[in-house]
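Heads up, the thing below is written out as structure tokens.
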Amino acid sequence: MCMVIFAPIFAICAFATCGGYYGHLQVKVDCADRRQSNLSINIDFGYPFRLQEVHFKAPSCETKREEILFLDGDFSSAAQFFLTVGVFAFLYSLLATIVYVFYQNKYLKNNRGPLVDFVVTIIFSFMWLVSSCYWAKTLSDIKKATNPTQVLLLITACRAQENKCTATQEPLWSRLNTSVVFGFVNVILWVGNIWFVFKETGWYKTGQRYPTRSASGKRASEMRQRLYNESSFDQPEESFGPQLSRQDSFNQSKGGFGQQVHRQVSFNQSQVNLSLPHAYLGKPVIYDRENMVGSEGPKIFVNEM
């Protein structure tokens, strides 16, 4: 979102400060013969900085005629490249702003929008870096080509010691210096925006869904496992004593539990034996040992206690 807010503004500032530059240089030639002196020679130049096409007239100081001179150098390629990158970056950032605000659903559909935005952002970041560096170097060459000392050397009359040549006005470079600054600001802005655009792509979401352990994390886990194994093997042998006592106590408790079960079974059997005389098996007849009298019904023998 930072690109949406600041990218169009800084792109405009970059190509506006470069494309709208106008430089003015003024020199004077004071010949030994005062009648042929020219105290105001104006040299104007600007974008696209084809200095070989910039010409001016200067007195020869030997004859009454004036010579026509041209500046040296053609620096249009760097300036036009820098301006073109700025214009296209402005148009793309403006289009991205419209898509982010009004077509957010279509932008995120099928992950195509973020992927295209990610690739284009990388391309513009690289283009801004190349164009800014190229333009900064070219600006240094332009300053040398329009240096008053270098321009005065082009004039034939200034090569003679009896003539005096000086510069009365030099061009201002603050605007072009600002364009270079805005170029590198755009580099920082677009490179920083790569991370924010990458977070919208499916690659980042896939990495978050299936995180992988780093090498340091794997080494830490292996170290913890190694320390755990060493601590388990270093336990004293006396620890087997308590384990044996626990086994004995477990066996004793098991024997006690068996006795309890045996007593419980015996108690249940006694309850069953005591409950048998209460069962109704018909009309019983009790026989004495002396008088054996038979009767109908089941026979029940009761032992005397």
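Here, A, B, ... name the chains of the structure tokens in the order displayed, residue numbers run from 1 inside each chain, and ligands are numbered from 1 in the same displayed order.
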- request: Could you give me, as a list in words, the residues within 12 Å of Ile9 of chain A, counting only C-alpha atoms and dropping anything in the same chain fewer than 6 positions from it?
  value: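 Near Ile9 of chain A, the qualifying residues are Cys2, Met3, Phe15, Ala16, Gly86, Val87, Ala89, Phe90, Leu91, Ser93, Leu94, Phe182, Gly183, Val185, Asn186 and Leu189 of chain A.
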Filtering to N, CA, C and O atoms, could you give me those residues as a short mmCIF file (atom, residue, chain, number, x, y, z; two decimals), in the first residue's frame?
data_model
loop_
_atom_site.label_atom_id
_atom_site.label_comp_id
_atom_site.auth_asym_id
_atom_site.auth_seq_id
_atom_site.Cartn_x
_atom_site.Cartn_y
_atom_site.Cartn_z
N CYS A 2 2.09 1.15 0.45
CA CYS A 2 2.94 2.33 0.44
C CYS A 2 3.21 2.79 -0.99
O CYS A 2 3.33 3.98 -1.26
N MET A 3 3.31 1.81 -1.94
CA MET A 3 3.51 2.19 -3.33
C MET A 3 2.30 2.93 -3.86
O MET A 3 2.42 3.89 -4.65
N PHE A 15 10.55 12.67 -12.86
CA PHE A 15 10.62 13.04 -14.27
C PHE A 15 10.29 14.51 -14.52
O PHE A 15 10.70 15.07 -15.54
N ALA A 16 9.60 15.16 -13.59
CA ALA A 16 9.31 16.59 -13.77
C ALA A 16 10.57 17.43 -13.55
O ALA A 16 10.82 18.39 -14.29
N GLY A 86 10.38 6.99 -15.30
CA GLY A 86 9.51 7.74 -14.39
C GLY A 86 8.07 7.81 -14.87
O GLY A 86 7.14 7.65 -14.07
N VAL A 87 7.89 8.03 -16.17
CA VAL A 87 6.53 8.13 -16.72
C VAL A 87 5.80 6.79 -16.62
O VAL A 87 4.64 6.72 -16.18
N ALA A 89 6.47 4.29 -14.64
CA ALA A 89 6.26 3.96 -13.24
C ALA A 89 5.06 4.71 -12.67
O ALA A 89 4.27 4.16 -11.89
N PHE A 90 4.91 5.95 -13.08
CA PHE A 90 3.74 6.72 -12.65
C PHE A 90 2.45 6.11 -13.18
O PHE A 90 1.47 5.96 -12.43
N LEU A 91 2.43 5.73 -14.45
CA LEU A 91 1.22 5.15 -15.03
C LEU A 91 0.87 3.81 -14.38
O LEU A 91 -0.30 3.53 -14.09
N SER A 93 1.76 2.72 -11.34
CA SER A 93 1.33 2.92 -9.95
C SER A 93 -0.08 3.50 -9.89
O SER A 93 -0.86 3.17 -8.99
N LEU A 94 -0.41 4.35 -10.86
CA LEU A 94 -1.77 4.88 -10.91
C LEU A 94 -2.78 3.78 -11.24
O LEU A 94 -3.87 3.71 -10.64
N PHE A 182 15.41 12.09 -6.18
CA PHE A 182 14.09 11.46 -6.35
C PHE A 182 14.21 10.10 -7.04
O PHE A 182 13.43 9.18 -6.77
N GLY A 183 15.20 9.96 -7.92
CA GLY A 183 15.40 8.67 -8.57
C GLY A 183 15.77 7.58 -7.58
O GLY A 183 15.20 6.48 -7.60
N VAL A 185 15.23 7.71 -4.35
CA VAL A 185 14.09 7.51 -3.45
C VAL A 185 13.10 6.53 -4.06
O VAL A 185 12.54 5.66 -3.35
N ASN A 186 12.89 6.63 -5.35
CA ASN A 186 12.02 5.65 -6.03
C ASN A 186 12.61 4.25 -5.99
O ASN A 186 11.87 3.27 -5.89
N LEU A 189 11.81 2.98 -2.57
CA LEU A 189 10.37 2.77 -2.43
C LEU A 189 9.92 1.49 -3.13
O LEU A 189 9.18 0.67 -2.56
#
Residue contacts of Tyr134 of chain A (10 Å, only C-alpha atoms) excluding same-chain residues fewer than 6 positions away, as a list in words: Ser77, Ala78, Ala79, Phe81, Phe82, Trp128 and Val180 of chain A
- prompt: Skipping near chain neighbours, those fewer than 4 positions away, what residues fall within 12 Å of segment 26-32 of chain A using only C-alpha atoms, listed as a ChimeraX atom specification?
  reply: /A:36-45,56-64,66,146-171
- request: Calculate how many Å separate atom CA of Val187 of chain A from atom CA of Val120 of chain A, rounding to one decimal.
  value: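 Taking atom CA of Val187 of chain A and atom CA of Val120 of chain A, their separation equals 13.6 Å.
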task: Have a look at atom CA of Lys137 of chain A and atom CA of Asn177 of chain A and let me know their distance in Å, one decimal.
output: 11.4 Å
message: With DSSP run on the backbone, what are the alpha helix (DSSP H) residues within segment 135-204 of chain A? I'd like them as a PyMOL selection string.
response: chain A and resi 135-145+148-152+174-198+202-204
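Residues with any atom within 8 Å of Val191 of chain A, counting only C-alpha atoms and excluding same-chain neighbours fewer than 3 positions away, are A:Thr121, A:Ile122, A:Ser125, A:Val187, A:Ile188, A:Ile194, A:Trp195.
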Mind dumping the selected residues with N, CA, C and O atoms as a PDB file, in the first residue's frame?
ATOM      1  N   THR A 121       6.820  -5.238 -10.157  1.00  0.00           N
ATOM      2  CA  THR A 121       7.502  -4.452  -9.124  1.00  0.00           C
ATOM      3  C   THR A 121       9.004  -4.709  -9.139  1.00  0.00           C
ATOM      4  O   THR A 121       9.810  -3.778  -8.985  1.00  0.00           O
ATOM      5  N   ILE A 122       9.397  -5.976  -9.322  1.00  0.00           N
ATOM      6  CA  ILE A 122      10.828  -6.292  -9.412  1.00  0.00           C
ATOM      7  C   ILE A 122      11.448  -5.616 -10.644  1.00  0.00           C
ATOM      8  O   ILE A 122      12.560  -5.062 -10.578  1.00  0.00           O
ATOM      9  N   SER A 125      11.809  -1.900 -10.022  1.00  0.00           N
ATOM     10  CA  SER A 125      12.876  -1.655  -9.046  1.00  0.00           C
ATOM     11  C   SER A 125      14.239  -1.689  -9.731  1.00  0.00           C
ATOM     12  O   SER A 125      15.097  -0.827  -9.483  1.00  0.00           O
ATOM     13  N   VAL A 187      13.924   4.148  -6.063  1.00  0.00           N
ATOM     14  CA  VAL A 187      14.550   2.826  -5.941  1.00  0.00           C
ATOM     15  C   VAL A 187      14.240   2.215  -4.583  1.00  0.00           C
ATOM     16  O   VAL A 187      13.827   1.050  -4.476  1.00  0.00           O
ATOM     17  N   ILE A 188      14.424   2.992  -3.515  1.00  0.00           N
ATOM     18  CA  ILE A 188      14.144   2.495  -2.169  1.00  0.00           C
ATOM     19  C   ILE A 188      12.672   2.152  -2.013  1.00  0.00           C
ATOM     20  O   ILE A 188      12.309   1.123  -1.410  1.00  0.00           O
ATOM     21  N   ILE A 194       8.564  -4.599  -2.725  1.00  0.00           N
ATOM     22  CA  ILE A 194       8.613  -5.993  -3.161  1.00  0.00           C
ATOM     23  C   ILE A 194       8.127  -6.917  -2.053  1.00  0.00           C
ATOM     24  O   ILE A 194       7.406  -7.885  -2.299  1.00  0.00           O
ATOM     25  N   TRP A 195       8.503  -6.638  -0.801  1.00  0.00           N
ATOM     26  CA  TRP A 195       8.109  -7.485   0.319  1.00  0.00           C
ATOM     27  C   TRP A 195       6.592  -7.467   0.527  1.00  0.00           C
ATOM     28  O   TRP A 195       5.972  -8.509   0.750  1.00  0.00           O
TER      29      TRP A 195
END
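For the choices A:Val119, A:Gly23, A:Pro8, A:Cys13, the atom-to-atom distance to Val181 of chain A is smallest for A:Cys13 when using only C-alpha atoms.
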message: Using Å and a single decimal, report how far atom CA of Val85 of chain A sits from atom CA of Arg50 of chain A.
response: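 So the two atoms, atom CA of Arg50 of chain A and atom CA of Val85 of chain A, lie 19.4 Å apart.
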- request: Pick out the residues sitting within 10 Å of Thr201 of chain A, and hand them over as a list in words; count only C-alpha atoms, and ignore anything fewer than 5 positions along from it in its own chain.
  value: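 Counting only C-alpha atoms, the residues come to Leu108, Asn110, Asn111, Arg112, Gly113, Pro114, Leu115, Val116, Asp117, Phe118, Phe196 and Thr206 of chain A.
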message: Going by DSSP on the backbone, which residues of segment 67-234 of chain A come out as strand (DSSP E)? List them as a PyMOL selection string.
response: chain A and resi 67-70+164-169
Same residues, N, CA, C and O atoms, output as a PDB file, in the first residue's frame:
ATOM      1  N   GLU A  67      32.772  34.035 -34.690  1.00  0.00           N
ATOM      2  CA  GLU A  67      32.787  32.600 -34.946  1.00  0.00           C
ATOM      3  C   GLU A  67      31.622  31.913 -34.238  1.00  0.00           C
ATOM      4  O   GLU A  67      31.183  32.362 -33.173  1.00  0.00           O
ATOM      5  N   ILE A  68      31.132  30.871 -34.852  1.00  0.00           N
ATOM      6  CA  ILE A  68      30.024  30.090 -34.286  1.00  0.00           C
ATOM      7  C   ILE A  68      30.606  28.824 -33.667  1.00  0.00           C
ATOM      8  O   ILE A  68      31.307  28.058 -34.346  1.00  0.00           O
ATOM      9  N   LEU A  69      30.299  28.610 -32.391  1.00  0.00           N
ATOM     10  CA  LEU A  69      30.859  27.484 -31.642  1.00  0.00           C
ATOM     11  C   LEU A  69      29.739  26.589 -31.116  1.00  0.00           C
ATOM     12  O   LEU A  69      28.615  27.056 -30.867  1.00  0.00           O
ATOM     13  N   PHE A  70      30.051  25.297 -30.899  1.00  0.00           N
ATOM     14  CA  PHE A  70      29.096  24.320 -30.387  1.00  0.00           C
ATOM     15  C   PHE A  70      29.675  23.668 -29.120  1.00  0.00           C
ATOM     16  O   PHE A  70      30.892  23.479 -29.011  1.00  0.00           O
ATOM     17  N   LYS A 164      40.934  38.879 -22.252  1.00  0.00           N
ATOM     18  CA  LYS A 164      40.425  38.445 -20.953  1.00  0.00           C
ATOM     19  C   LYS A 164      39.026  37.848 -21.135  1.00  0.00           C
ATOM     20  O   LYS A 164      38.143  38.506 -21.677  1.00  0.00           O
ATOM     21  N   CYS A 165      38.856  36.624 -20.653  1.00  0.00           N
ATOM     22  CA  CYS A 165      37.572  35.931 -20.761  1.00  0.00           C
ATOM     23  C   CYS A 165      37.160  35.456 -19.368  1.00  0.00           C
ATOM     24  O   CYS A 165      37.954  34.812 -18.662  1.00  0.00           O
ATOM     25  N   THR A 166      35.944  35.747 -18.990  1.00  0.00           N
ATOM     26  CA  THR A 166      35.412  35.353 -17.672  1.00  0.00           C
ATOM     27  C   THR A 166      33.958  34.936 -17.826  1.00  0.00           C
ATOM     28  O   THR A 166      33.293  35.266 -18.818  1.00  0.00           O
ATOM     29  N   ALA A 167      33.479  34.199 -16.798  1.00  0.00           N
ATOM     30  CA  ALA A 167      32.078  33.759 -16.753  1.00  0.00           C
ATOM     31  C   ALA A 167      31.318  34.671 -15.812  1.00  0.00           C
ATOM     32  O   ALA A 167      31.708  34.869 -14.654  1.00  0.00           O
ATOM     33  N   THR A 168      30.232  35.235 -16.291  1.00  0.00           N
ATOM     34  CA  THR A 168      29.423  36.148 -15.483  1.00  0.00           C
ATOM     35  C   THR A 168      28.231  35.456 -14.817  1.00  0.00           C
ATOM     36  O   THR A 168      27.708  35.953 -13.829  1.00  0.00           O
ATOM     37  N   GLN A 169      27.812  34.321 -15.380  1.00  0.00           N
ATOM     38  CA  GLN A 169      26.681  33.584 -14.791  1.00  0.00           C
ATOM     39  C   GLN A 169      26.844  32.104 -15.085  1.00  0.00           C
ATOM     40  O   GLN A 169      27.095  31.712 -16.223  1.00  0.00           O
TER      41      GLN A 169
END
